[in-house]
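target06.txt follows (compact mmCIF, C-alpha atoms and all ligand atoms):
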# COMPACT_ATOMS: atom_id res chain seq x y z
CA MET A 1 20.85 -1.49 -27.88
CA GLU A 2 17.23 -2.30 -27.00
CA ARG A 3 14.69 0.13 -28.50
CA GLN A 4 12.43 2.04 -26.14
CA ARG A 5 8.81 1.20 -26.97
CA LYS A 6 6.11 3.87 -27.15
CA PHE A 7 4.65 4.79 -23.77
CA GLU A 8 2.75 7.46 -21.87
CA HIS A 9 3.76 8.15 -18.27
CA ILE A 10 2.10 10.42 -15.71
CA THR A 11 4.03 11.62 -12.66
CA LEU A 12 1.82 12.77 -9.79
CA GLY A 13 2.75 16.06 -8.14
CA GLN A 14 3.29 16.12 -4.40
CA ARG A 15 5.85 17.42 -1.95
CA VAL A 16 7.87 14.80 -0.05
CA LEU A 17 9.73 15.67 3.15
CA PHE A 18 11.94 12.87 4.45
CA GLY A 19 13.76 13.11 7.77
CA THR A 20 14.05 10.89 10.81
CA GLY A 21 12.93 12.72 13.94
CA ASN A 22 11.67 15.70 11.91
CA ALA A 23 7.91 15.00 11.68
CA ALA A 24 6.75 17.69 14.15
CA GLU A 25 9.00 20.35 12.65
CA HIS A 26 8.08 19.43 9.07
CA LEU A 27 4.37 19.44 9.91
CA ALA A 28 4.49 22.87 11.52
CA GLY A 29 6.31 24.17 8.43
CA GLU A 30 3.69 22.73 6.08
CA VAL A 31 0.74 24.10 8.08
CA GLU A 32 2.34 27.54 7.81
CA ARG A 33 3.26 27.18 4.14
CA LEU A 34 -0.31 26.11 3.28
CA ASP A 35 -1.67 28.94 5.46
CA ALA A 36 -4.05 26.49 7.18
CA LYS A 37 -6.12 27.90 10.03
CA ARG A 38 -8.49 25.03 10.85
CA VAL A 39 -6.69 21.69 10.92
CA MET A 40 -8.38 18.32 11.49
CA VAL A 41 -6.02 15.56 12.60
CA ILE A 42 -7.00 12.00 11.68
CA THR A 43 -5.33 9.19 13.61
CA SER A 44 -6.29 5.89 15.28
CA ALA A 45 -7.11 5.76 18.99
CA ARG A 46 -4.05 3.52 19.42
CA GLN A 47 -1.73 6.08 17.83
CA ARG A 48 -3.30 9.15 19.42
CA PRO A 49 -0.55 9.70 22.03
CA GLU A 50 2.14 9.65 19.32
CA ALA A 51 0.01 11.95 17.13
CA GLU A 52 -0.39 14.43 20.01
CA ARG A 53 3.39 14.65 20.25
CA ILE A 54 3.75 15.30 16.50
CA ILE A 55 1.10 18.07 16.50
CA ALA A 56 2.54 19.82 19.57
CA ASP A 57 3.66 22.80 17.45
CA ILE A 58 0.37 23.32 15.62
CA ASP A 59 -3.06 24.19 16.98
CA PRO A 60 -5.62 21.82 15.42
CA VAL A 61 -9.37 22.32 15.74
CA LEU A 62 -9.90 18.65 16.52
CA ILE A 63 -8.47 15.12 16.51
CA HIS A 64 -10.68 12.49 14.87
CA ASP A 65 -9.65 8.99 15.99
CA GLU A 66 -12.47 6.78 14.67
CA VAL A 67 -10.26 4.81 12.28
CA ALA A 68 -10.92 1.16 11.33
CA PRO A 69 -9.45 -1.13 8.63
CA HIS A 70 -11.04 -1.09 5.14
CA VAL A 71 -12.77 2.33 5.40
CA SER A 72 -16.56 1.83 5.44
CA ILE A 73 -19.00 4.21 3.74
CA GLY A 74 -20.60 5.05 7.13
CA GLN A 75 -17.24 5.79 8.74
CA ALA A 76 -16.32 8.03 5.78
CA GLU A 77 -19.61 9.96 5.88
CA ASN A 78 -19.26 10.54 9.59
CA ALA A 79 -15.70 11.89 9.27
CA ARG A 80 -16.70 14.05 6.30
CA ASN A 81 -19.54 15.63 8.31
CA VAL A 82 -17.13 16.36 11.16
CA ALA A 83 -14.83 18.16 8.70
CA ILE A 84 -17.65 20.17 7.09
CA ASN A 85 -19.35 21.10 10.39
CA ASN A 86 -16.06 22.40 11.78
CA GLY A 87 -15.06 24.48 8.76
CA ILE A 88 -11.82 22.50 8.33
CA ASP A 89 -9.28 23.76 5.76
CA LEU A 90 -6.54 21.08 6.09
CA LEU A 91 -6.53 17.36 6.91
CA VAL A 92 -3.47 15.92 8.67
CA SER A 93 -3.34 12.14 8.58
CA ILE A 94 -1.05 10.36 11.07
CA GLY A 95 -1.09 6.57 10.79
CA GLY A 96 -1.12 3.58 8.47
CA GLY A 97 -3.05 2.99 5.26
CA SER A 98 -6.41 2.85 7.09
CA THR A 99 -5.88 6.33 8.52
CA THR A 100 -4.69 7.73 5.18
CA GLY A 101 -7.69 5.97 3.59
CA LEU A 102 -10.16 7.74 5.87
CA SER A 103 -8.53 11.10 5.12
CA LYS A 104 -8.80 10.35 1.40
CA ALA A 105 -12.50 9.52 1.82
CA ILE A 106 -13.04 13.00 3.33
CA ALA A 107 -10.98 14.70 0.59
CA LEU A 108 -12.84 12.84 -2.17
CA LYS A 109 -16.05 14.79 -1.48
CA THR A 110 -14.72 17.99 0.12
CA ASP A 111 -11.60 18.66 -1.99
CA LEU A 112 -9.69 19.40 1.26
CA PRO A 113 -5.89 19.10 1.03
CA ILE A 114 -4.16 16.32 3.00
CA VAL A 115 -0.76 16.32 4.68
CA ALA A 116 0.02 12.64 5.25
CA ILE A 117 2.39 11.30 7.91
CA PRO A 118 2.54 7.55 7.28
CA THR A 119 3.53 5.13 10.02
CA THR A 120 3.48 1.85 8.04
CA TYR A 121 4.83 0.82 4.63
CA ALA A 122 1.37 0.67 2.95
CA GLY A 123 2.20 3.55 0.61
CA SER A 124 -1.33 4.96 0.26
CA GLU A 125 0.06 8.45 0.91
CA ALA A 126 1.78 8.51 -2.50
CA THR A 127 -1.19 7.37 -4.62
CA ASN A 128 -4.35 8.99 -5.97
CA VAL A 129 -6.26 5.76 -5.27
CA TRP A 130 -9.15 5.68 -2.77
CA GLY A 131 -10.94 2.63 -1.37
CA LEU A 132 -14.32 2.26 0.36
CA THR A 133 -16.07 -0.83 1.64
CA GLU A 134 -19.83 -1.40 1.69
CA SER A 135 -21.66 -4.70 2.28
CA SER A 136 -18.40 -6.70 2.13
CA ARG A 137 -17.43 -5.25 -1.29
CA LYS A 138 -14.44 -2.99 -1.62
CA THR A 139 -14.67 -0.32 -4.29
CA THR A 140 -11.58 1.54 -5.39
CA GLY A 141 -11.23 4.54 -7.64
CA VAL A 142 -8.68 7.03 -8.87
CA ASP A 143 -9.10 10.75 -8.19
CA ASP A 144 -6.38 13.38 -7.91
CA ARG A 145 -8.33 15.11 -5.10
CA VAL A 146 -7.28 12.30 -2.71
CA LEU A 147 -3.53 12.59 -3.41
CA PRO A 148 -1.94 14.19 -0.33
CA VAL A 149 -0.34 17.54 -1.16
CA THR A 150 2.56 16.70 1.14
CA VAL A 151 3.98 13.50 2.61
CA ILE A 152 6.12 13.70 5.73
CA TYR A 153 8.25 10.60 6.23
CA ASP A 154 9.84 10.04 9.64
CA ALA A 155 11.24 6.55 10.21
CA ALA A 156 11.27 7.06 13.99
CA LEU A 157 7.45 6.81 13.88
CA THR A 158 7.68 3.26 12.52
CA LEU A 159 9.78 1.92 15.42
CA SER A 160 6.61 1.18 17.40
CA LEU A 161 5.13 -0.89 14.56
CA PRO A 162 5.31 -4.51 15.81
CA LYS A 163 7.86 -6.66 13.97
CA GLU A 164 5.27 -9.00 12.40
CA VAL A 165 3.17 -6.07 11.14
CA SER A 166 6.32 -4.33 9.85
CA ILE A 167 7.30 -7.38 7.83
CA ALA A 168 3.81 -7.87 6.41
CA SER A 169 3.58 -4.17 5.59
CA GLY A 170 6.99 -4.28 3.88
CA MET A 171 5.79 -7.26 1.82
CA ASN A 172 2.75 -5.13 0.86
CA ALA A 173 5.20 -2.53 -0.48
CA LEU A 174 7.13 -5.26 -2.31
CA ALA A 175 3.82 -6.34 -3.86
CA HIS A 176 3.32 -2.82 -5.25
CA CYS A 177 6.71 -3.15 -6.94
CA ILE A 178 6.30 -6.66 -8.33
CA ASP A 179 2.72 -6.12 -9.55
CA SER A 180 3.85 -2.88 -11.25
CA MET A 181 6.02 -4.97 -13.61
CA TRP A 182 2.91 -6.23 -15.47
CA ALA A 183 0.11 -3.89 -14.34
CA PRO A 184 -2.07 -2.24 -17.03
CA ARG A 185 0.01 0.96 -17.34
CA THR A 186 3.46 -0.54 -16.74
CA ASP A 187 6.18 1.53 -18.43
CA PRO A 188 9.98 1.94 -18.23
CA ILE A 189 9.74 4.73 -15.63
CA ASN A 190 7.47 3.00 -13.14
CA GLN A 191 9.47 -0.23 -13.70
CA ALA A 192 12.67 1.60 -12.75
CA LEU A 193 11.02 2.82 -9.55
CA ALA A 194 9.61 -0.64 -8.85
CA LEU A 195 12.97 -2.37 -9.32
CA ASP A 196 14.77 0.09 -7.06
CA GLY A 197 11.95 -0.43 -4.57
CA ILE A 198 12.58 -4.20 -4.68
CA ARG A 199 16.33 -3.68 -4.19
CA THR A 200 15.75 -1.37 -1.22
CA LEU A 201 13.02 -3.41 0.48
CA SER A 202 14.83 -6.73 0.04
CA LYS A 203 17.70 -5.34 2.13
CA ALA A 204 15.57 -3.36 4.60
CA LEU A 205 13.18 -6.14 5.63
CA PRO A 206 15.86 -8.62 6.80
CA ALA A 207 17.47 -5.74 8.75
CA ILE A 208 14.15 -5.02 10.52
CA SER A 209 13.55 -8.73 11.08
CA ASN A 210 16.97 -9.08 12.74
CA ASP A 211 16.49 -5.94 14.81
CA PRO A 212 13.17 -4.04 14.76
CA ASN A 213 14.96 -1.04 16.32
CA ASP A 214 17.39 -0.77 13.39
CA LEU A 215 16.65 2.82 12.36
CA ALA A 216 18.70 2.58 9.15
CA GLY A 217 16.64 -0.46 8.12
CA ARG A 218 13.44 1.42 9.01
CA GLU A 219 14.53 4.42 6.90
CA GLN A 220 15.28 2.20 3.93
CA ALA A 221 11.93 0.41 4.27
CA LEU A 222 10.08 3.74 4.35
CA TYR A 223 12.02 5.00 1.32
CA GLY A 224 11.37 1.70 -0.51
CA SER A 225 7.68 1.88 0.33
CA TYR A 226 7.52 5.38 -1.22
CA LEU A 227 9.20 4.13 -4.43
CA SER A 228 6.80 1.18 -4.49
CA ALA A 229 3.74 3.39 -4.09
CA VAL A 230 4.82 5.82 -6.82
CA ALA A 231 5.37 2.86 -9.14
CA PHE A 232 1.97 1.39 -8.23
CA ALA A 233 0.14 4.72 -8.64
CA SER A 234 1.59 5.03 -12.12
CA ALA A 235 1.32 1.40 -13.28
CA GLY A 236 -2.11 0.61 -11.77
CA SER A 237 -3.47 -2.57 -10.18
CA GLY A 238 -2.29 -5.86 -11.61
CA LEU A 239 -3.47 -9.41 -10.90
CA HIS A 240 -2.03 -9.42 -7.38
CA HIS A 241 -3.92 -6.30 -6.28
CA LYS A 242 -7.17 -7.46 -7.85
CA ILE A 243 -6.97 -10.69 -5.82
CA CYS A 244 -6.14 -8.92 -2.55
CA HIS A 245 -8.85 -6.27 -2.95
CA VAL A 246 -11.51 -8.95 -3.26
CA LEU A 247 -10.18 -10.95 -0.30
CA GLY A 248 -9.81 -7.87 1.93
CA GLY A 249 -13.24 -6.45 1.15
CA ARG A 250 -15.26 -9.69 1.17
CA TRP A 251 -13.70 -11.43 4.19
CA ASN A 252 -12.30 -8.40 6.04
CA MET A 253 -8.86 -10.02 5.90
CA PRO A 254 -5.86 -8.06 7.24
CA HIS A 255 -4.54 -5.98 4.33
CA ALA A 256 -0.76 -6.25 4.65
CA GLN A 257 -0.73 -9.92 5.71
CA THR A 258 -3.00 -10.89 2.81
CA HIS A 259 -0.61 -9.19 0.36
CA ALA A 260 2.35 -10.93 2.00
CA VAL A 261 0.78 -14.37 1.51
CA VAL A 262 -0.58 -13.91 -2.03
CA LEU A 263 2.49 -12.22 -3.60
CA PRO A 264 4.75 -15.28 -4.14
CA TYR A 265 1.87 -17.23 -5.71
CA VAL A 266 1.15 -14.45 -8.21
CA LEU A 267 4.86 -14.14 -9.02
CA ALA A 268 5.16 -17.92 -9.50
CA PHE A 269 2.01 -17.85 -11.66
CA ASN A 270 3.08 -14.99 -13.94
CA ALA A 271 6.86 -15.48 -14.06
CA PRO A 272 6.92 -18.18 -16.81
CA ALA A 273 4.86 -15.87 -19.06
CA ALA A 274 6.81 -12.70 -18.17
CA GLN A 275 10.41 -13.82 -18.33
CA GLY A 276 11.90 -10.37 -18.96
CA ALA A 277 10.19 -8.97 -15.87
CA ALA A 278 11.07 -12.10 -13.87
CA HIS A 279 14.78 -11.74 -14.74
CA ARG A 280 14.80 -8.12 -13.65
CA ILE A 281 12.96 -8.95 -10.41
CA ALA A 282 15.49 -11.74 -9.75
CA ASP A 283 18.35 -9.33 -10.35
CA ALA A 284 16.81 -6.77 -7.96
CA LEU A 285 16.44 -9.52 -5.34
CA SER A 286 20.09 -10.56 -5.98
CA ALA A 287 18.81 -14.07 -6.80
CA GLU A 288 19.23 -16.52 -9.69
CA ASN A 289 15.49 -16.81 -10.07
CA ALA A 290 12.67 -14.44 -9.03
CA VAL A 291 10.42 -17.05 -7.39
CA ASP A 292 13.28 -18.59 -5.39
CA GLY A 293 14.54 -15.14 -4.44
CA LEU A 294 11.14 -14.06 -3.10
CA ASN A 295 10.64 -17.39 -1.31
CA SER A 296 14.05 -17.04 0.39
CA LEU A 297 13.28 -13.48 1.45
CA ARG A 298 9.87 -14.50 2.77
CA ALA A 299 11.42 -17.32 4.81
CA ALA A 300 14.26 -15.13 6.09
CA VAL A 301 11.88 -12.47 7.44
CA GLY A 302 9.20 -14.89 8.67
CA ALA A 303 6.37 -13.45 6.56
CA PRO A 304 2.91 -15.07 6.89
CA THR A 305 2.41 -18.01 4.52
CA ALA A 306 -1.22 -19.18 4.30
CA LEU A 307 -4.61 -17.53 3.72
CA LYS A 308 -6.26 -20.13 5.96
CA ASP A 309 -4.53 -18.43 8.88
CA LEU A 310 -6.00 -15.04 7.92
CA GLY A 311 -9.72 -15.81 7.86
CA LEU A 312 -10.36 -17.38 4.42
CA SER A 313 -12.12 -20.76 4.62
CA ALA A 314 -11.61 -23.44 1.93
CA GLU A 315 -15.32 -23.02 1.06
CA GLY A 316 -14.67 -19.35 0.28
CA ILE A 317 -12.25 -20.08 -2.57
CA ASN A 318 -14.94 -20.65 -5.24
CA GLU A 319 -16.71 -17.41 -4.36
CA ALA A 320 -13.38 -15.56 -4.39
CA VAL A 321 -12.58 -16.92 -7.86
CA GLN A 322 -15.96 -15.74 -9.23
CA LEU A 323 -15.44 -12.26 -7.74
CA ILE A 324 -11.84 -11.93 -8.95
CA LEU A 325 -12.19 -13.25 -12.54
CA PRO A 326 -14.12 -10.26 -13.97
CA ALA A 327 -11.61 -7.82 -12.43
CA ILE A 328 -8.44 -9.30 -13.95
CA PRO A 329 -6.62 -6.83 -16.23
CA ALA A 330 -6.35 -7.82 -19.87
CA SER A 331 -2.64 -6.92 -19.62
CA ASN A 332 -1.84 -9.85 -17.32
CA PRO A 333 0.98 -11.78 -19.01
CA ARG A 334 -0.65 -15.16 -18.41
CA ARG A 335 -4.28 -15.97 -19.24
CA VAL A 336 -6.22 -16.44 -16.03
CA THR A 337 -8.93 -19.10 -16.04
CA GLU A 338 -11.33 -20.37 -13.41
CA GLU A 339 -9.19 -23.49 -13.14
CA ASN A 340 -5.74 -21.90 -12.75
CA LEU A 341 -7.05 -19.15 -10.43
CA THR A 342 -8.68 -21.81 -8.23
CA ALA A 343 -5.32 -23.62 -8.10
CA LEU A 344 -3.49 -20.38 -7.23
CA LEU A 345 -5.89 -19.52 -4.41
CA GLY A 346 -5.97 -23.14 -3.20
CA ALA A 347 -2.18 -23.15 -2.87
CA ALA A 348 -2.16 -19.73 -1.16
CA HIS A 349 -4.92 -20.91 1.17
CA ALA A 350 -2.99 -24.01 2.20
CA GLY A 351 0.43 -22.35 2.13
CA THR A 352 2.01 -24.96 -0.16
CA SER A 353 5.30 -24.05 -1.84
CA PRO A 354 4.74 -21.19 -4.35
CA GLY A 355 7.46 -22.67 -6.59
CA SER A 356 5.13 -25.53 -7.50
CA MET A 357 2.89 -23.10 -9.43
CA CYS A 358 5.39 -22.79 -12.32
P1 LIG A 401 -3.45 -0.13 9.09
O1 LIG A 401 -3.40 1.30 8.75
O2 LIG A 401 -4.82 -0.72 9.32
O3 LIG A 401 -2.51 -0.38 10.35
C1 LIG A 401 -2.39 -1.69 10.89
C2 LIG A 401 -2.36 -1.60 12.43
O4 LIG A 401 -1.13 -1.04 12.82
C3 LIG A 401 -3.44 -0.70 13.02
O5 LIG A 401 -3.90 -1.30 14.20
C4 LIG A 401 -2.70 0.59 13.33
O6 LIG A 401 -3.28 1.31 14.40
C5 LIG A 401 -1.33 0.06 13.71
N1 LIG A 401 -0.22 0.96 13.45
C6 LIG A 401 0.03 1.70 12.33
N2 LIG A 401 1.21 2.31 12.45
C7 LIG A 401 1.71 2.00 13.66
C8 LIG A 401 2.92 2.31 14.35
N3 LIG A 401 3.85 3.07 13.78
N4 LIG A 401 3.10 1.81 15.58
C9 LIG A 401 2.17 1.00 16.15
N5 LIG A 401 1.02 0.64 15.54
C10 LIG A 401 0.80 1.14 14.32
O7 LIG A 401 -2.77 -1.05 7.98
P2 LIG A 401 -1.96 -0.71 6.64
O8 LIG A 401 -1.49 -2.00 6.16
O9 LIG A 401 -1.00 0.38 6.86
O10 LIG A 401 -3.07 -0.12 5.67
C11 LIG A 401 -4.09 -0.94 5.16
C12 LIG A 401 -5.16 -0.10 4.50
O11 LIG A 401 -4.57 0.82 3.58
C13 LIG A 401 -6.17 -0.93 3.73
O12 LIG A 401 -7.47 -0.41 3.90
C14 LIG A 401 -5.71 -0.75 2.30
O13 LIG A 401 -6.74 -0.94 1.37
C15 LIG A 401 -5.20 0.66 2.31
N6 LIG A 401 -4.19 0.93 1.26
C16 LIG A 401 -4.52 1.81 0.29
C17 LIG A 401 -3.61 2.10 -0.70
C18 LIG A 401 -3.98 3.12 -1.75
O14 LIG A 401 -3.17 3.43 -2.61
N7 LIG A 401 -5.19 3.67 -1.70
C19 LIG A 401 -2.35 1.49 -0.72
C20 LIG A 401 -2.03 0.61 0.31
C21 LIG A 401 -2.96 0.34 1.30
Here is the file; what I need is its structure written in the form of structure tokens.
Amino acid sequence: MERQRKFEHITLGQRVLFGTGNAAEHLAGEVERLDAKRVMVITSARQRPEAERIIADIDPVLIHDEVAPHVSIGQAENARNVAINNGIDLLVSIGGGSTTGLSKAIALKTDLPIVAIPTTYAGSEATNVWGLTESSRKTTGVDDRVLPVTVIYDAALTLSLPKEVSIASGMNALAHCIDSMWAPRTDPINQALALDGIRTLSKALPAISNDPNDLAGREQALYGSYLSAVAFASAGSGLHHKICHVLGGRWNMPHAQTHAVVLPYVLAFNAPAAQGAAHRIADALSAENAVDGLNSLRAAVGAPTALKDLGLSAEGINEAVQLILPAIPASNPRRVTEENLTALLGAAHAGTSPGSMC
């Protein structure tokens, strides 16, 4: 029997309520349980009609719908002032990672509790990680004040997420799982969550791709995204996340799509140096080999394939390499150099076969 190596694991405390069609009821119950009197709802303008339906049974002070991707410092300060000036005692976030991110930016300085109702598979609701962007640089940090006290999962709310965005967002969740296998604080517990996340997502995403109205597939994707986020929150950011943070912040690239493109290249890069993890990833993907398994899944669901389609120019690669290199965790199983990182980004930019990285 294999010996269990020494490790330290931290499990974050939050309440999770999962139920399709139950968001409004669960939210009303949480507002009562938390004895909140002055609720601020944060949602995007696009999702406001859906949010108004979910909050029908509560009586919020206001709805703040100035949400944009990659939360900027100015946007965060504005929302924070709205919360303070209105004597808010609870934040309710209804939307994707950008909406959750804005709520976290308010909580970071005000210590207000958040009830998060996610509508994508980004997973931010289950992490204590915040992100802010200023002058094209994304800064992230870890602070327990930004961890939502409660997450309300309702797969019916994800039915309106367009198929392409759903697939990219699901690949973002898969990236949390795969990167957790070699991230700085990887351990047997977050690996178990990550591998079950891979198993769940690798079945859910083809189901959604075949039929975006498949509610069972949507439920599984939402469940898998929660597992992936808990794994990521515990294991920390690995090579994949360091690359995507730089690209997203510097070139304002779409978050989920960027993760979807970069993931197979990072897996192909690290797999030869992390064979134990690669075997377990392959097994979770029901494939002979992890890289082939991920490539097949990516093709089957029609995930985006090239960074050049997402706003990165070939001239930007050198700058990206210089920005990413200092951020790479020492734990990465393969040594990252200027040369091999340039090759990785060049291949991801062009969309050439990730298998050729091995
Ligand atoms: P997003 O929140 O920007 O949403 C993408 C688009 O989909 C938006 O236009 C949004 O209005 C729309 N949308 C969301 N849900 C919808 C639905 N159900 N129906 C129709 N439209 C819907 O994108 P995202 O990928 O969810 O989140 C990305 C952001 O989250 C980034 O800023 C990223 O850094 C952050 N993030 C943070 C963490 C963390 O742990 N802190 C983890 C993952 C992502």
Ser169 in chain A surroundings by all atoms listed in the file, 10 Å radius, close-in-sequence under 4 positions cut, as an mmCIF file with C-alpha atoms, in the frame of the given file:
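Printed below is result-v4.cif as written:
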data_model
loop_
_atom_site.group_PDB
_atom_site.id
_atom_site.type_symbol
_atom_site.label_atom_id
_atom_site.label_comp_id
_atom_site.auth_asym_id
_atom_site.auth_seq_id
_atom_site.Cartn_x
_atom_site.Cartn_y
_atom_site.Cartn_z
ATOM 1 C CA GLY A 96 -1.120 3.580 8.470
ATOM 2 C CA GLY A 97 -3.050 2.990 5.260
ATOM 3 C CA THR A 120 3.480 1.850 8.040
ATOM 4 C CA TYR A 121 4.830 0.820 4.630
ATOM 5 C CA ALA A 122 1.370 0.670 2.950
ATOM 6 C CA GLY A 123 2.200 3.550 0.610
ATOM 7 C CA LEU A 161 5.130 -0.890 14.560
ATOM 8 C CA LYS A 163 7.860 -6.660 13.970
ATOM 9 C CA GLU A 164 5.270 -9.000 12.400
ATOM 10 C CA VAL A 165 3.170 -6.070 11.140
ATOM 11 C CA ALA A 173 5.200 -2.530 -0.480
ATOM 12 C CA LEU A 174 7.130 -5.260 -2.310
ATOM 13 C CA ALA A 175 3.820 -6.340 -3.860
ATOM 14 C CA LEU A 205 13.180 -6.140 5.630
ATOM 15 C CA ALA A 221 11.930 0.410 4.270
ATOM 16 C CA SER A 225 7.680 1.880 0.330
ATOM 17 C CA HIS A 255 -4.540 -5.980 4.330
ATOM 18 C CA ALA A 256 -0.760 -6.250 4.650
ATOM 19 C CA GLN A 257 -0.730 -9.920 5.710
ATOM 20 C CA THR A 258 -3.000 -10.890 2.810
ATOM 21 C CA HIS A 259 -0.610 -9.190 0.360
ATOM 22 C CA ALA A 260 2.350 -10.930 2.000
ATOM 23 C CA ALA A 303 6.370 -13.450 6.560
#
Atomic separation - CA of Thr133 in chain A relative to CA of Ile317 in chain A, Å:
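Computing it gives 20.1 Å between the two atoms.
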Determine, using all atoms listed in the file, which residues of chain A have any atom at most 8 Å from an atom of ligand LIG 401 (chain A), and tabulate each with its shortest atom pair and distance in Å to one decimal place, rows ordered by chain and then rising number, as a tab-separated table.
residue	atom	partner	partner_atom	distance
A:Ser44	CA	A:LIG401	O6	5.6
A:Ala45	CA	A:LIG401	O6	7.5
A:Arg46	CA	A:LIG401	O6	5.5
A:Gln47	CA	A:LIG401	O6	6.1
A:Ala68	CA	A:LIG401	O2	6.7
A:Pro69	CA	A:LIG401	O2	4.7
A:His70	CA	A:LIG401	O12	3.8
A:Val71	CA	A:LIG401	O12	6.2
A:Gly95	CA	A:LIG401	N2	5.1
A:Gly96	CA	A:LIG401	O1	3.2
A:Gly97	CA	A:LIG401	O10	3.1
A:Ser98	CA	A:LIG401	O1	3.8
A:Thr99	CA	A:LIG401	O1	5.6
A:Thr100	CA	A:LIG401	O11	7.1
A:Gly101	CA	A:LIG401	C15	6.0
A:Pro118	CA	A:LIG401	N2	7.5
A:Thr119	CA	A:LIG401	N3	4.3
A:Thr120	CA	A:LIG401	O9	4.9
A:Tyr121	CA	A:LIG401	O9	6.3
A:Ala122	CA	A:LIG401	C20	4.3
A:Gly123	CA	A:LIG401	C20	5.2
A:Ser124	CA	A:LIG401	O14	3.7
A:Glu125	CA	A:LIG401	O14	6.9
A:Ala126	CA	A:LIG401	O14	7.1
A:Thr127	CA	A:LIG401	O14	4.8
A:Asn128	CA	A:LIG401	O14	6.6
A:Val129	CA	A:LIG401	N7	4.3
A:Trp130	CA	A:LIG401	N7	4.6
A:Gly131	CA	A:LIG401	N7	5.9
A:Thr140	CA	A:LIG401	N7	7.7
A:Leu157	CA	A:LIG401	N3	5.2
A:Thr158	CA	A:LIG401	N3	4.0
A:Leu159	CA	A:LIG401	N3	6.3
A:Ser160	CA	A:LIG401	N4	4.0
A:Leu161	CA	A:LIG401	N4	3.5
A:Pro162	CA	A:LIG401	C9	6.4
A:Val165	CA	A:LIG401	O4	6.8
A:Ala168	CA	A:LIG401	O8	7.9
A:Ser169	CA	A:LIG401	O8	5.5
A:Asn172	CA	A:LIG401	O8	7.5
A:Ala173	CA	A:LIG401	C20	7.9
A:Ala229	CA	A:LIG401	O14	7.1
A:Phe232	CA	A:LIG401	O14	7.9
A:Ala233	CA	A:LIG401	O14	7.0
A:His245	CA	A:LIG401	O13	7.2
A:Gly248	CA	A:LIG401	O13	7.6
A:Pro254	CA	A:LIG401	O8	7.5
A:His255	CA	A:LIG401	C11	5.1
A:Ala256	CA	A:LIG401	O8	4.6
A:Gln257	CA	A:LIG401	O8	8.0
Using C-alpha atoms, can you export the residues from the last selection as a CSV table (one decimal), in the frame of the given file?
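Done, and the output landed in result.csv:
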chain,number,residue,atom,x,y,z
A,44,SER,CA,-6.3,5.9,15.3
A,45,ALA,CA,-7.1,5.8,19.0
A,46,ARG,CA,-4.0,3.5,19.4
A,47,GLN,CA,-1.7,6.1,17.8
A,68,ALA,CA,-10.9,1.2,11.3
A,69,PRO,CA,-9.4,-1.1,8.6
A,70,HIS,CA,-11.0,-1.1,5.1
A,71,VAL,CA,-12.8,2.3,5.4
A,95,GLY,CA,-1.1,6.6,10.8
A,96,GLY,CA,-1.1,3.6,8.5
A,97,GLY,CA,-3.0,3.0,5.3
A,98,SER,CA,-6.4,2.8,7.1
A,99,THR,CA,-5.9,6.3,8.5
A,100,THR,CA,-4.7,7.7,5.2
A,101,GLY,CA,-7.7,6.0,3.6
A,118,PRO,CA,2.5,7.6,7.3
A,119,THR,CA,3.5,5.1,10.0
A,120,THR,CA,3.5,1.8,8.0
A,121,TYR,CA,4.8,0.8,4.6
A,122,ALA,CA,1.4,0.7,3.0
A,123,GLY,CA,2.2,3.6,0.6
A,124,SER,CA,-1.3,5.0,0.3
A,125,GLU,CA,0.1,8.4,0.9
A,126,ALA,CA,1.8,8.5,-2.5
A,127,THR,CA,-1.2,7.4,-4.6
A,128,ASN,CA,-4.4,9.0,-6.0
A,129,VAL,CA,-6.3,5.8,-5.3
A,130,TRP,CA,-9.2,5.7,-2.8
A,131,GLY,CA,-10.9,2.6,-1.4
A,140,THR,CA,-11.6,1.5,-5.4
A,157,LEU,CA,7.4,6.8,13.9
A,158,THR,CA,7.7,3.3,12.5
A,159,LEU,CA,9.8,1.9,15.4
A,160,SER,CA,6.6,1.2,17.4
A,161,LEU,CA,5.1,-0.9,14.6
A,162,PRO,CA,5.3,-4.5,15.8
A,165,VAL,CA,3.2,-6.1,11.1
A,168,ALA,CA,3.8,-7.9,6.4
A,169,SER,CA,3.6,-4.2,5.6
A,172,ASN,CA,2.8,-5.1,0.9
A,173,ALA,CA,5.2,-2.5,-0.5
A,229,ALA,CA,3.7,3.4,-4.1
A,232,PHE,CA,2.0,1.4,-8.2
A,233,ALA,CA,0.1,4.7,-8.6
A,245,HIS,CA,-8.8,-6.3,-3.0
A,248,GLY,CA,-9.8,-7.9,1.9
A,254,PRO,CA,-5.9,-8.1,7.2
A,255,HIS,CA,-4.5,-6.0,4.3
A,256,ALA,CA,-0.8,-6.2,4.6
A,257,GLN,CA,-0.7,-9.9,5.7
To one decimal place, how far is CA of Leu344 in chain A from CA of Val266 in chain A in Å?
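Interatomic distance, CA of Leu344 in chain A to CA of Val266 in chain A: 7.6 Å.
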Looking at A:Ile42, A:Leu267, A:Ala277, A:Ala306, which one is nearest to Asp292 in chain A, with distances taken over all atoms listed in the file?
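Looking only at the distances to Asp292 in chain A, the closest residue turns out to be A:Leu267.
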Distance criterion (all atoms listed in the file): nearest to Arg185 in chain A out of A:Leu215, A:Leu62, A:Leu17, A:Ala231:
A:Ala231
Do you have the CA of His349 in chain A-CA of Lys308 in chain A distance handy?
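The value is 5.0 Å.
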Who sits within 8 Å of range 283-287 of chain A, only C-alpha atoms, same chain under 2 positions skipped, as a list in words:
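Final neighbour list, sorted by chain and number: Leu195, Asp196, Ile198, Arg199, Ser202, His279, Arg280, Ile281, Asn289, Ala290, Asp292, Gly293 and Leu294 of chain A.
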